[in-house]
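Undergrad: Input input-v1.tsv, format and content: TSV, C-alpha atoms.
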chain	number	residue	atom	x	y	z
A	1	MET	CA	-17.38	36.82	-13.41
A	2	VAL	CA	-14.24	38.74	-14.41
A	3	LEU	CA	-12.00	36.24	-12.59
A	4	LEU	CA	-13.66	33.33	-14.38
A	5	LEU	CA	-13.21	35.08	-17.74
A	6	GLN	CA	-9.54	35.71	-16.94
A	7	ALA	CA	-9.03	32.02	-16.21
A	8	ARG	CA	-10.50	30.75	-19.51
A	9	PRO	CA	-10.21	31.89	-23.13
A	10	SER	CA	-13.98	31.73	-23.57
A	11	ILE	CA	-16.92	30.60	-21.47
A	12	THR	CA	-20.58	30.25	-22.38
A	13	GLY	CA	-23.42	32.04	-20.65
A	14	ALA	CA	-24.77	28.71	-19.41
A	15	GLU	CA	-21.37	27.81	-17.88
A	16	LEU	CA	-21.11	31.20	-16.20
A	17	ALA	CA	-24.64	30.87	-14.83
A	18	ARG	CA	-23.84	27.44	-13.43
A	19	GLU	CA	-20.53	28.55	-11.85
A	20	LEU	CA	-22.05	31.70	-10.33
A	21	GLU	CA	-25.38	30.05	-9.41
A	22	VAL	CA	-27.45	32.69	-11.20
A	23	SER	CA	-29.70	32.74	-14.25
A	24	GLU	CA	-28.41	33.27	-17.79
A	25	ARG	CA	-30.45	36.49	-17.89
A	26	THR	CA	-28.45	37.75	-14.90
A	27	VAL	CA	-25.21	36.84	-16.70
A	28	THR	CA	-26.30	38.85	-19.75
A	29	ARG	CA	-27.26	41.84	-17.61
A	30	ASP	CA	-24.01	41.73	-15.60
A	31	ALA	CA	-21.87	41.39	-18.74
A	32	ALA	CA	-23.49	44.55	-20.08
A	33	ALA	CA	-22.87	46.33	-16.76
A	34	LEU	CA	-19.19	45.32	-16.84
A	35	SER	CA	-18.86	46.59	-20.39
A	36	GLU	CA	-20.41	49.92	-19.43
A	37	ALA	CA	-17.93	50.14	-16.52
A	38	GLY	CA	-15.02	49.91	-18.96
A	39	ILE	CA	-14.16	46.22	-18.59
A	40	PRO	CA	-13.80	44.79	-22.14
A	41	VAL	CA	-16.25	41.89	-22.02
A	42	TYR	CA	-17.07	40.65	-25.52
A	43	ALA	CA	-19.97	38.33	-26.37
A	44	ASP	CA	-19.72	35.98	-29.36
A	45	ARG	CA	-23.10	35.02	-30.74
A	46	GLY	CA	-24.18	31.63	-32.05
A	47	ARG	CA	-23.99	28.02	-30.88
A	48	ALA	CA	-20.20	28.11	-30.41
A	49	GLY	CA	-20.32	31.56	-28.84
A	50	GLY	CA	-19.59	32.74	-25.36
A	51	TYR	CA	-18.07	35.51	-23.31
A	52	ARG	CA	-14.41	36.52	-23.29
A	53	LEU	CA	-12.14	39.37	-22.27
A	54	ILE	CA	-10.32	41.18	-25.06
A	55	GLY	CA	-7.01	43.01	-25.05
A	56	GLY	CA	-5.38	40.84	-22.36
A	57	TYR	CA	-7.37	42.61	-19.64
A	58	ARG	CA	-6.43	41.70	-16.04
A	59	THR	CA	-8.15	42.88	-12.90
A	60	ARG	CA	-6.16	43.99	-9.86
A	61	LEU	CA	-6.71	42.58	-6.40
A	62	THR	CA	-9.02	45.40	-5.41
A	63	GLY	CA	-11.93	43.01	-4.91
A	64	LEU	CA	-10.43	41.40	-1.81
A	65	GLY	CA	-12.09	42.13	1.50
A	66	ARG	CA	-10.18	42.31	4.80
A	67	THR	CA	-11.04	38.77	5.87
A	68	GLU	CA	-10.04	37.37	2.47
A	69	ALA	CA	-6.73	39.25	2.50
A	70	GLU	CA	-5.92	38.06	6.02
A	71	ALA	CA	-6.79	34.46	5.13
A	72	LEU	CA	-4.45	34.71	2.13
A	73	PHE	CA	-1.51	35.65	4.37
A	74	LEU	CA	-2.43	32.91	6.84
A	75	SER	CA	-2.20	30.13	4.25
A	76	GLY	CA	0.90	27.96	4.35
A	77	VAL	CA	3.22	26.93	7.18
A	78	PRO	CA	6.27	29.24	7.37
A	79	SER	CA	8.60	26.55	8.74
A	80	ALA	CA	7.56	24.13	5.99
A	81	LEU	CA	8.20	26.71	3.27
A	82	ARG	CA	11.62	27.39	4.74
A	83	GLU	CA	12.53	23.69	4.91
A	84	MET	CA	11.55	23.18	1.26
A	85	GLY	CA	13.68	26.13	0.19
A	86	LEU	CA	10.67	28.28	-0.73
A	87	ALA	CA	10.95	31.00	1.91
A	88	ASP	CA	12.32	33.61	-0.53
A	89	ALA	CA	9.63	32.86	-3.13
A	90	ALA	CA	6.89	33.06	-0.49
A	91	SER	CA	8.27	36.36	0.81
A	92	ALA	CA	8.35	37.84	-2.70
A	93	ALA	CA	4.78	36.69	-3.33
A	94	ARG	CA	3.57	38.30	-0.10
A	95	LEU	CA	5.25	41.57	-1.06
A	96	LYS	CA	3.59	41.55	-4.49
A	97	VAL	CA	0.17	40.79	-3.00
A	98	SER	CA	0.62	43.55	-0.42
A	99	ALA	CA	1.52	46.04	-3.16
A	100	ALA	CA	-1.60	45.13	-5.14
A	101	LEU	CA	-4.00	45.50	-2.20
A	102	LEU	CA	-5.97	48.60	-1.40
A	103	PRO	CA	-4.09	50.88	1.05
A	104	GLU	CA	-6.50	50.12	3.90
A	105	LEU	CA	-5.76	46.37	3.58
A	106	ARG	CA	-1.97	46.46	3.45
A	107	ASP	CA	-1.62	45.78	7.17
A	108	ALA	CA	-3.31	42.37	6.71
A	109	SER	CA	-0.05	40.42	6.90
A	110	HIS	CA	0.87	42.09	10.20
A	111	THR	CA	-2.54	41.66	11.81
A	112	VAL	CA	-2.61	37.95	10.97
A	113	ALA	CA	0.99	37.31	12.10
A	114	GLN	CA	0.18	38.78	15.51
A	115	ARG	CA	-2.91	36.57	15.93
A	116	PHE	CA	-2.11	33.17	14.39
A	117	HIS	CA	1.09	31.15	14.25
A	118	LEU	CA	1.27	27.67	12.72
A	119	ASP	CA	3.83	25.35	14.35
A	120	ALA	CA	3.92	22.02	12.50
A	121	PRO	CA	6.35	19.82	14.51
A	122	GLY	CA	5.07	17.76	17.43
A	123	TRP	CA	5.90	18.41	21.09
A	124	TRP	CA	9.05	17.21	22.85
A	125	ARG	CA	11.13	16.80	19.75
A	126	GLU	CA	13.66	19.02	18.11
A	127	PRO	CA	12.60	19.56	14.48
A	128	GLU	CA	15.21	18.41	11.98
A	129	THR	CA	15.10	19.36	8.32
A	130	PRO	CA	16.05	16.43	6.06
A	131	GLU	CA	19.11	17.46	4.08
A	132	LEU	CA	17.67	16.26	0.75
A	133	LEU	CA	14.23	17.86	1.19
A	134	PRO	CA	14.86	20.96	-1.02
A	135	ARG	CA	16.10	18.76	-3.87
A	136	ILE	CA	13.03	16.54	-3.60
A	137	ALA	CA	10.75	19.60	-3.44
A	138	ASP	CA	12.30	20.92	-6.67
A	139	ALA	CA	11.61	17.60	-8.38
A	140	VAL	CA	8.00	17.64	-7.13
A	141	TRP	CA	7.45	21.17	-8.48
A	142	ASP	CA	8.95	20.37	-11.88
A	143	ASP	CA	7.55	16.82	-12.31
A	144	LEU	CA	11.08	15.42	-12.65
A	145	ARG	CA	11.87	11.73	-12.31
A	146	ILE	CA	14.45	10.97	-9.62
A	147	THR	CA	16.78	8.10	-8.84
A	148	VAL	CA	17.12	7.58	-5.09
A	149	ARG	CA	18.80	5.45	-2.48
A	150	TYR	CA	16.55	4.69	0.48
A	151	ARG	CA	17.25	3.10	3.88
A	152	ARG	CA	14.90	0.18	4.52
A	153	ARG	CA	15.56	-1.67	7.76
A	154	ASP	CA	19.26	-2.61	7.68
A	155	ALA	CA	19.79	-2.24	3.93
A	156	GLU	CA	19.79	0.47	1.26
A	157	VAL	CA	17.70	0.05	-1.87
A	158	ARG	CA	17.80	1.90	-5.18
A	159	ARG	CA	14.56	3.14	-6.69
A	160	GLU	CA	13.43	5.20	-9.67
A	161	LEU	CA	10.52	7.41	-8.61
A	162	GLU	CA	8.02	9.89	-9.99
A	163	PRO	CA	7.64	12.34	-7.06
A	164	TYR	CA	4.02	13.49	-6.81
A	165	GLY	CA	3.76	15.32	-3.49
A	166	LEU	CA	5.20	16.08	-0.06
A	167	VAL	CA	3.32	15.74	3.23
A	168	LEU	CA	4.39	17.16	6.61
A	169	LYS	CA	2.91	15.04	9.41
A	170	ALA	CA	3.72	15.81	13.06
A	171	GLY	CA	7.10	17.28	12.09
A	172	ILE	CA	8.07	14.40	9.76
A	173	TRP	CA	8.23	14.81	5.97
A	174	TYR	CA	6.89	12.09	3.66
A	175	LEU	CA	7.07	11.76	-0.13
A	176	ALA	CA	4.18	10.31	-2.13
A	177	ALA	CA	5.69	8.89	-5.31
A	178	ARG	CA	4.85	6.53	-8.12
A	179	ALA	CA	7.26	3.63	-8.46
A	180	GLU	CA	7.09	0.34	-10.28
A	181	GLY	CA	4.00	-1.28	-8.82
A	182	GLY	CA	2.05	1.87	-8.04
A	183	PHE	CA	2.00	4.76	-5.57
A	184	ARG	CA	3.97	4.46	-2.33
A	185	VAL	CA	4.93	6.62	0.66
A	186	TYR	CA	8.55	7.22	1.70
A	187	ARG	CA	9.99	8.99	4.75
A	188	VAL	CA	12.18	11.79	3.45
A	189	ASP	CA	14.74	11.46	6.26
A	190	ARG	CA	15.51	7.91	5.07
A	191	PHE	CA	16.73	9.03	1.65
A	192	THR	CA	20.52	8.92	1.43
A	193	ALA	CA	20.80	10.10	-2.20
A	194	VAL	CA	18.49	11.87	-4.65
A	195	GLU	CA	19.42	12.54	-8.27
A	196	PRO	CA	17.03	13.95	-10.91
A	197	ASP	CA	17.52	12.07	-14.18
A	198	GLY	CA	16.60	15.11	-16.30
A	199	THR	CA	13.36	13.71	-17.71
A	200	HIS	CA	9.82	14.82	-16.93
A	201	PHE	CA	6.95	12.49	-16.15
A	202	THR	CA	3.31	12.98	-17.08
A	203	ARG	CA	1.31	13.52	-13.91
A	204	ASP	CA	-1.83	11.44	-13.40
A	205	GLU	CA	-4.52	14.13	-13.32
A	206	ASP	CA	-6.77	11.90	-11.18
A	207	PHE	CA	-4.19	11.71	-8.38
A	208	ASP	CA	-5.50	13.46	-5.24
A	209	LEU	CA	-2.72	13.99	-2.67
A	210	PRO	CA	-4.94	14.70	0.39
A	211	GLY	CA	-7.19	11.75	-0.41
A	212	PHE	CA	-4.25	9.43	-1.09
A	213	TRP	CA	-2.51	10.44	2.15
A	214	GLY	CA	-5.66	10.01	4.24
A	215	GLU	CA	-6.23	6.52	2.84
A	216	ARG	CA	-2.63	5.39	3.33
A	217	ALA	CA	-2.39	6.87	6.83
A	218	ASP	CA	-5.52	4.99	7.83
A	219	GLN	CA	-4.18	1.76	6.29
A	220	PHE	CA	-0.88	2.17	8.15
A	221	ALA	CA	-2.56	2.81	11.49
A	222	ARG	CA	-4.66	-0.33	11.09
A	223	SER	CA	-1.83	-2.50	9.75
A	224	ILE	CA	0.19	-2.19	12.96
A	225	LEU	CA	-2.76	-3.14	15.18
A	226	ARG	CA	-2.27	-6.89	14.78
A	227	GLU	CA	-3.40	-8.16	18.18
A	228	MET	CA	-6.45	-7.80	20.44
A	229	ALA	CA	-6.92	-7.01	24.10
A	230	VAL	CA	-10.08	-7.29	26.20
A	231	VAL	CA	-10.32	-4.37	28.61
A	232	ARG	CA	-12.89	-3.40	31.23
A	233	LEU	CA	-13.26	0.38	31.49
A	234	THR	CA	-14.89	2.71	33.98
A	235	PRO	CA	-16.79	5.66	32.44
A	236	ALA	CA	-13.67	7.79	32.94
A	237	GLY	CA	-11.55	5.08	31.32
A	238	ALA	CA	-13.87	4.92	28.29
A	239	ARG	CA	-13.57	8.70	27.87
A	240	GLY	CA	-9.79	8.57	28.23
A	241	LEU	CA	-9.10	5.59	25.96
A	242	PRO	CA	-8.95	7.58	22.67
A	243	HIS	CA	-6.31	9.83	24.22
A	244	VAL	CA	-3.83	7.05	25.04
A	245	THR	CA	-4.10	4.74	22.00
A	246	ASP	CA	-5.18	4.85	18.36
A	247	ARG	CA	-8.20	7.17	18.39
A	248	THR	CA	-10.17	5.47	15.62
A	249	ALA	CA	-9.65	1.98	17.04
A	250	ALA	CA	-10.53	3.15	20.56
A	251	GLU	CA	-13.70	4.94	19.48
A	252	GLU	CA	-14.85	1.92	17.45
A	253	ALA	CA	-14.15	-0.41	20.39
A	254	VAL	CA	-16.21	1.73	22.77
A	255	ARG	CA	-18.99	2.14	20.24
A	256	GLU	CA	-19.21	-1.61	19.59
A	257	ALA	CA	-19.10	-2.61	23.27
A	258	GLY	CA	-22.18	-4.10	24.85
A	259	GLU	CA	-24.22	-2.62	27.68
A	260	PRO	CA	-22.30	-1.45	30.77
A	261	ASP	CA	-22.41	-3.62	33.89
A	262	GLU	CA	-24.10	-2.62	37.15
A	263	GLN	CA	-21.10	-0.44	38.03
A	264	GLY	CA	-21.22	1.39	34.68
A	265	ARG	CA	-18.12	-0.36	33.31
A	266	LEU	CA	-17.75	-1.30	29.63
A	267	THR	CA	-15.92	-4.37	28.35
A	268	VAL	CA	-14.26	-3.58	25.02
A	269	THR	CA	-12.20	-5.56	22.52
A	270	LEU	CA	-9.36	-3.24	21.56
A	271	PRO	CA	-6.92	-3.68	18.62
A	272	ILE	CA	-3.33	-3.23	19.86
A	273	GLU	CA	0.11	-3.13	18.27
A	274	SER	CA	1.78	-5.48	20.79
A	275	HIS	CA	1.60	-6.43	24.46
A	276	GLU	CA	4.49	-4.11	25.29
A	277	VAL	CA	2.92	-1.11	23.51
A	278	ALA	CA	-0.48	-1.81	25.10
A	279	LEU	CA	1.16	-1.94	28.54
A	280	ALA	CA	2.78	1.47	28.03
A	281	GLN	CA	-0.44	3.01	26.67
A	282	LEU	CA	-3.09	1.58	28.98
A	283	LEU	CA	-1.08	2.12	32.16
A	284	ALA	CA	-1.82	5.80	31.60
A	285	LEU	CA	-5.46	5.07	32.53
A	286	GLY	CA	-4.43	3.70	35.94
A	287	PRO	CA	-7.30	2.12	37.89
A	288	GLU	CA	-9.84	3.23	35.25
A	289	ALA	CA	-8.87	0.22	33.07
A	290	GLU	CA	-8.54	-3.49	33.84
A	291	VAL	CA	-7.05	-5.82	31.24
A	292	LEU	CA	-8.98	-9.10	31.17
A	293	GLY	CA	-7.10	-10.81	28.38
A	294	PRO	CA	-5.15	-12.28	26.82
A	295	PRO	CA	-3.59	-13.90	29.93
A	296	GLU	CA	-0.04	-12.90	28.94
A	297	LEU	CA	-1.01	-9.23	28.76
A	298	ARG	CA	-2.96	-9.39	32.03
A	299	ALA	CA	0.13	-10.91	33.68
A	300	LEU	CA	2.24	-7.96	32.46
A	301	PHE	CA	-0.22	-5.51	34.04
A	302	ALA	CA	-0.34	-7.50	37.28
A	303	GLU	CA	3.45	-7.45	37.50
A	304	ALA	CA	3.56	-3.70	36.76
A	305	ALA	CA	0.91	-3.06	39.42
A	306	ARG	CA	2.78	-5.20	41.97
A	307	ARG	CA	6.08	-3.42	41.38
A	308	THR	CA	4.37	-0.01	41.50
A	309	ALA	CA	2.69	-0.87	44.81
A	310	GLU	CA	6.07	-1.95	46.24
A	311	ARG	CA	7.53	1.42	45.27
A	312	TYR	CA	4.88	3.24	47.29
A	313	GLU	CA	4.73	1.02	50.38
So that I can check it, write out the structure of this file as structure tokens.
TA:
Amino acid sequence: MVLLLQARPSITGAELARELEVSERTVTRDAAALSEAGIPVYADRGRAGGYRLIGGYRTRLTGLGRTEAEALFLSGVPSALREMGLADAASAARLKVSAALLPELRDASHTVAQRFHLDAPGWWREPETPELLPRIADAVWDDLRITVRYRRRDAEVRRELEPYGLVLKAGIWYLAARAEGGFRVYRVDRFTAVEPDGTHFTRDEDFDLPGFWGERADQFARSILREMAVVRLTPAGARGLPHVTDRTAAEEAVREAGEPDEQGRLTVTLPIESHEVALAQLLALGPEAEVLGPPELRALFAEAARRTAERYE
């Protein structure tokens, strides 16, 4: 209740009851108990009344339990904070939180660091921090419009953007920004110049970064799957298919397949990016997958199988 009252100038008993999932009678009783404990809760009577804290009262972080304190130190990816230029700010915040905790909880940061480590980049690649990332992160924090130059295929284009949010996906940074025509996604490592123009933009309060990213990522994954392959899979091949190609497409293909044949094999229609990509992906299943069509793709697999057999004769 105290935290809710700190966050708002005034809040009604009905609103408190709804937020805390208790009755209004419980709110009244608890407000009286807080007042008796020395916390300055004041109740305004009447239709426009409500509860508020007087005198600028602020509670300390003594209400945190051990699990809550440890979860607080776990939040955030250290490498991402460092790449955005926020490592010093994050370190200062952790020190302030540690100082405000009860003495028996001040080892929370150490206990978490020794048990959990978040490593964002993917395997088999050396992480590279885009040079312009800190400048973009500053613009995101301050809602500053930016003028950028961006590599697109073999040309550079100039754009004026309203930077809404940054996303780190498998070690690659992306910027979600509003440009002329709506919201778009840009790879940060393709920016060659970023200049804030000194003006602030008004953020769309309905914009939801996680929801926007999830929708666009799904659209992108589906947009590159322009062709179809017909594949016969053994039970092991059906289990392995989501691990070698687009997981969503593979799971849908297996789910929508008909009944297995007398040998337990499923025939699926699988969306693929291209014949060459499908060859590289489905070869990982070895004899657990047989490509039935299209004929051009089957011929590629037959040739790969022939050359492989020659290697092992």
Undergrad: Would you compute the distance between atom CA of Ala139 of chain A and atom CA of Ala92 of chain A? Give it in Å to one decimal.
TA: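 So the answer is 21.3 Å.
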Undergrad: To one decimal in Å, tell me the separation between atom CA of Lys169 of chain A and atom CA of Arg247 of chain A.
TA: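 If I compute the distance from atom CA of Lys169 of chain A to atom CA of Arg247 of chain A, I get 16.3 Å.
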Undergrad: How many Å separate atom CA of Gly182 of chain A from atom CA of Leu81 of chain A?
TA: 28.0 Å
Undergrad: Write out as an mmCIF file with C-alpha atoms, in the frame of the given file each polymer residue whose atoms come within 10 Å of segment 23-29 of chain A, counting all atoms listed in the file; drop sequence neighbours fewer than 2 positions from it.
TA:
data_model
loop_
_atom_site.group_PDB
_atom_site.id
_atom_site.type_symbol
_atom_site.label_atom_id
_atom_site.label_comp_id
_atom_site.auth_asym_id
_atom_site.auth_seq_id
_atom_site.Cartn_x
_atom_site.Cartn_y
_atom_site.Cartn_z
ATOM 1 C CA MET A 1 -17.380 36.820 -13.410
ATOM 2 C CA THR A 12 -20.580 30.250 -22.380
ATOM 3 C CA GLY A 13 -23.420 32.040 -20.650
ATOM 4 C CA ALA A 14 -24.770 28.710 -19.410
ATOM 5 C CA GLU A 15 -21.370 27.810 -17.880
ATOM 6 C CA LEU A 16 -21.110 31.200 -16.200
ATOM 7 C CA ALA A 17 -24.640 30.870 -14.830
ATOM 8 C CA ARG A 18 -23.840 27.440 -13.430
ATOM 9 C CA LEU A 20 -22.050 31.700 -10.330
ATOM 10 C CA GLU A 21 -25.380 30.050 -9.410
ATOM 11 C CA ALA A 31 -21.870 41.390 -18.740
ATOM 12 C CA ALA A 32 -23.490 44.550 -20.080
ATOM 13 C CA ALA A 33 -22.870 46.330 -16.760
ATOM 14 C CA LEU A 34 -19.190 45.320 -16.840
ATOM 15 C CA ALA A 43 -19.970 38.330 -26.370
ATOM 16 C CA TYR A 51 -18.070 35.510 -23.310
#
Undergrad: Which polymer residues have any atom within 12 Å of an atom of Phe207 of chain A, counting all atoms listed in the file, with same-chain residues fewer than 3 positions away left out, as a list of chain:residue names?
TA: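 With the cut-off at 12 Å, the set is A:Pro163, A:Tyr164, A:Gly165, A:Ala176, A:Ala177, A:Arg178, A:Gly182, A:Phe183, A:Thr202, A:Arg203, A:Asp204, A:Pro210, A:Gly211, A:Phe212, A:Trp213.
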Undergrad: Check the smallest atom-to-atom distance from each of A:Gly293, A:Gly181, A:Pro287, A:Pro9 to Val230 of chain A using only C-alpha atoms, then report the winner.
TA: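 Selected residue with least distance to Val230 of chain A: A:Gly293.
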Undergrad: Which residue is closest to His275 of chain A? Choose from A:Ile54, A:Asp44, A:Arg298, A:Ala253 and count only C-alpha atoms.
TA: A:Arg298
Undergrad: Will you give me segment 201-219 of chain A, written with N, CA, C and O atoms and laid out as an mmCIF file, in the first residue's frame?
TA:
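Written out: decode26.cif:
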data_model
loop_
_atom_site.group_PDB
_atom_site.id
_atom_site.type_symbol
_atom_site.label_atom_id
_atom_site.label_comp_id
_atom_site.auth_asym_id
_atom_site.auth_seq_id
_atom_site.Cartn_x
_atom_site.Cartn_y
_atom_site.Cartn_z
ATOM 1 N N PHE A 201 10.827 14.029 -29.681
ATOM 2 C CA PHE A 201 9.564 13.570 -30.257
ATOM 3 C C PHE A 201 8.647 13.098 -29.138
ATOM 4 O O PHE A 201 9.099 12.767 -28.032
ATOM 5 N N THR A 202 7.356 13.106 -29.425
ATOM 6 C CA THR A 202 6.367 12.637 -28.452
ATOM 7 C C THR A 202 6.139 11.154 -28.671
ATOM 8 O O THR A 202 5.677 10.728 -29.732
ATOM 9 N N ARG A 203 6.474 10.375 -27.681
ATOM 10 C CA ARG A 203 6.388 8.914 -27.792
ATOM 11 C C ARG A 203 4.935 8.457 -27.813
ATOM 12 O O ARG A 203 4.110 8.946 -27.041
ATOM 13 N N ASP A 204 4.630 7.526 -28.703
ATOM 14 C CA ASP A 204 3.307 6.909 -28.760
ATOM 15 C C ASP A 204 3.172 5.995 -27.547
ATOM 16 O O ASP A 204 3.856 4.973 -27.445
ATOM 17 N N GLU A 205 2.273 6.352 -26.624
ATOM 18 C CA GLU A 205 2.147 5.602 -25.378
ATOM 19 C C GLU A 205 1.607 4.193 -25.606
ATOM 20 O O GLU A 205 1.728 3.332 -24.730
ATOM 21 N N ASP A 206 1.012 3.933 -26.764
ATOM 22 C CA ASP A 206 0.484 2.599 -27.051
ATOM 23 C C ASP A 206 1.543 1.669 -27.637
ATOM 24 O O ASP A 206 1.277 0.481 -27.834
ATOM 25 N N PHE A 207 2.735 2.210 -27.933
ATOM 26 C CA PHE A 207 3.781 1.380 -28.526
ATOM 27 C C PHE A 207 4.308 0.394 -27.494
ATOM 28 O O PHE A 207 4.693 0.769 -26.387
ATOM 29 N N ASP A 208 4.329 -0.889 -27.855
ATOM 30 C CA ASP A 208 4.791 -1.962 -26.963
ATOM 31 C C ASP A 208 5.983 -2.637 -27.626
ATOM 32 O O ASP A 208 5.814 -3.374 -28.595
ATOM 33 N N LEU A 209 7.198 -2.360 -27.140
ATOM 34 C CA LEU A 209 8.406 -2.862 -27.799
ATOM 35 C C LEU A 209 8.456 -4.386 -27.875
ATOM 36 O O LEU A 209 8.695 -4.940 -28.951
ATOM 37 N N PRO A 210 8.227 -5.131 -26.760
ATOM 38 C CA PRO A 210 8.262 -6.600 -26.884
ATOM 39 C C PRO A 210 7.232 -7.136 -27.868
ATOM 40 O O PRO A 210 7.519 -8.048 -28.659
ATOM 41 N N GLY A 211 6.016 -6.576 -27.831
ATOM 42 C CA GLY A 211 4.987 -7.043 -28.749
ATOM 43 C C GLY A 211 5.323 -6.714 -30.191
ATOM 44 O O GLY A 211 5.131 -7.546 -31.100
ATOM 45 N N PHE A 212 5.826 -5.493 -30.442
ATOM 46 C CA PHE A 212 6.216 -5.086 -31.785
ATOM 47 C C PHE A 212 7.326 -5.984 -32.317
ATOM 48 O O PHE A 212 7.283 -6.450 -33.463
ATOM 49 N N TRP A 213 8.342 -6.238 -31.483
ATOM 50 C CA TRP A 213 9.468 -7.063 -31.933
ATOM 51 C C TRP A 213 9.005 -8.489 -32.250
ATOM 52 O O TRP A 213 9.405 -9.061 -33.253
ATOM 53 N N GLY A 214 8.182 -9.057 -31.371
ATOM 54 C CA GLY A 214 7.708 -10.416 -31.617
ATOM 55 C C GLY A 214 6.953 -10.529 -32.923
ATOM 56 O O GLY A 214 7.140 -11.485 -33.691
ATOM 57 N N GLU A 215 6.113 -9.535 -33.216
ATOM 58 C CA GLU A 215 5.326 -9.552 -34.453
ATOM 59 C C GLU A 215 6.227 -9.417 -35.676
ATOM 60 O O GLU A 215 6.086 -10.157 -36.652
ATOM 61 N N ARG A 216 7.180 -8.470 -35.628
ATOM 62 C CA ARG A 216 8.057 -8.265 -36.773
ATOM 63 C C ARG A 216 9.001 -9.444 -36.979
ATOM 64 O O ARG A 216 9.311 -9.806 -38.122
ATOM 65 N N ALA A 217 9.498 -10.029 -35.899
ATOM 66 C CA ALA A 217 10.387 -11.185 -36.034
ATOM 67 C C ALA A 217 9.655 -12.352 -36.683
ATOM 68 O O ALA A 217 10.208 -13.055 -37.538
ATOM 69 N N ASP A 218 8.408 -12.546 -36.299
ATOM 70 C CA ASP A 218 7.609 -13.613 -36.902
ATOM 71 C C ASP A 218 7.352 -13.325 -38.378
ATOM 72 O O ASP A 218 7.452 -14.216 -39.220
ATOM 73 N N GLN A 219 7.040 -12.072 -38.705
ATOM 74 C CA GLN A 219 6.815 -11.693 -40.105
ATOM 75 C C GLN A 219 8.067 -11.920 -40.939
ATOM 76 O O GLN A 219 8.004 -12.428 -42.064
#
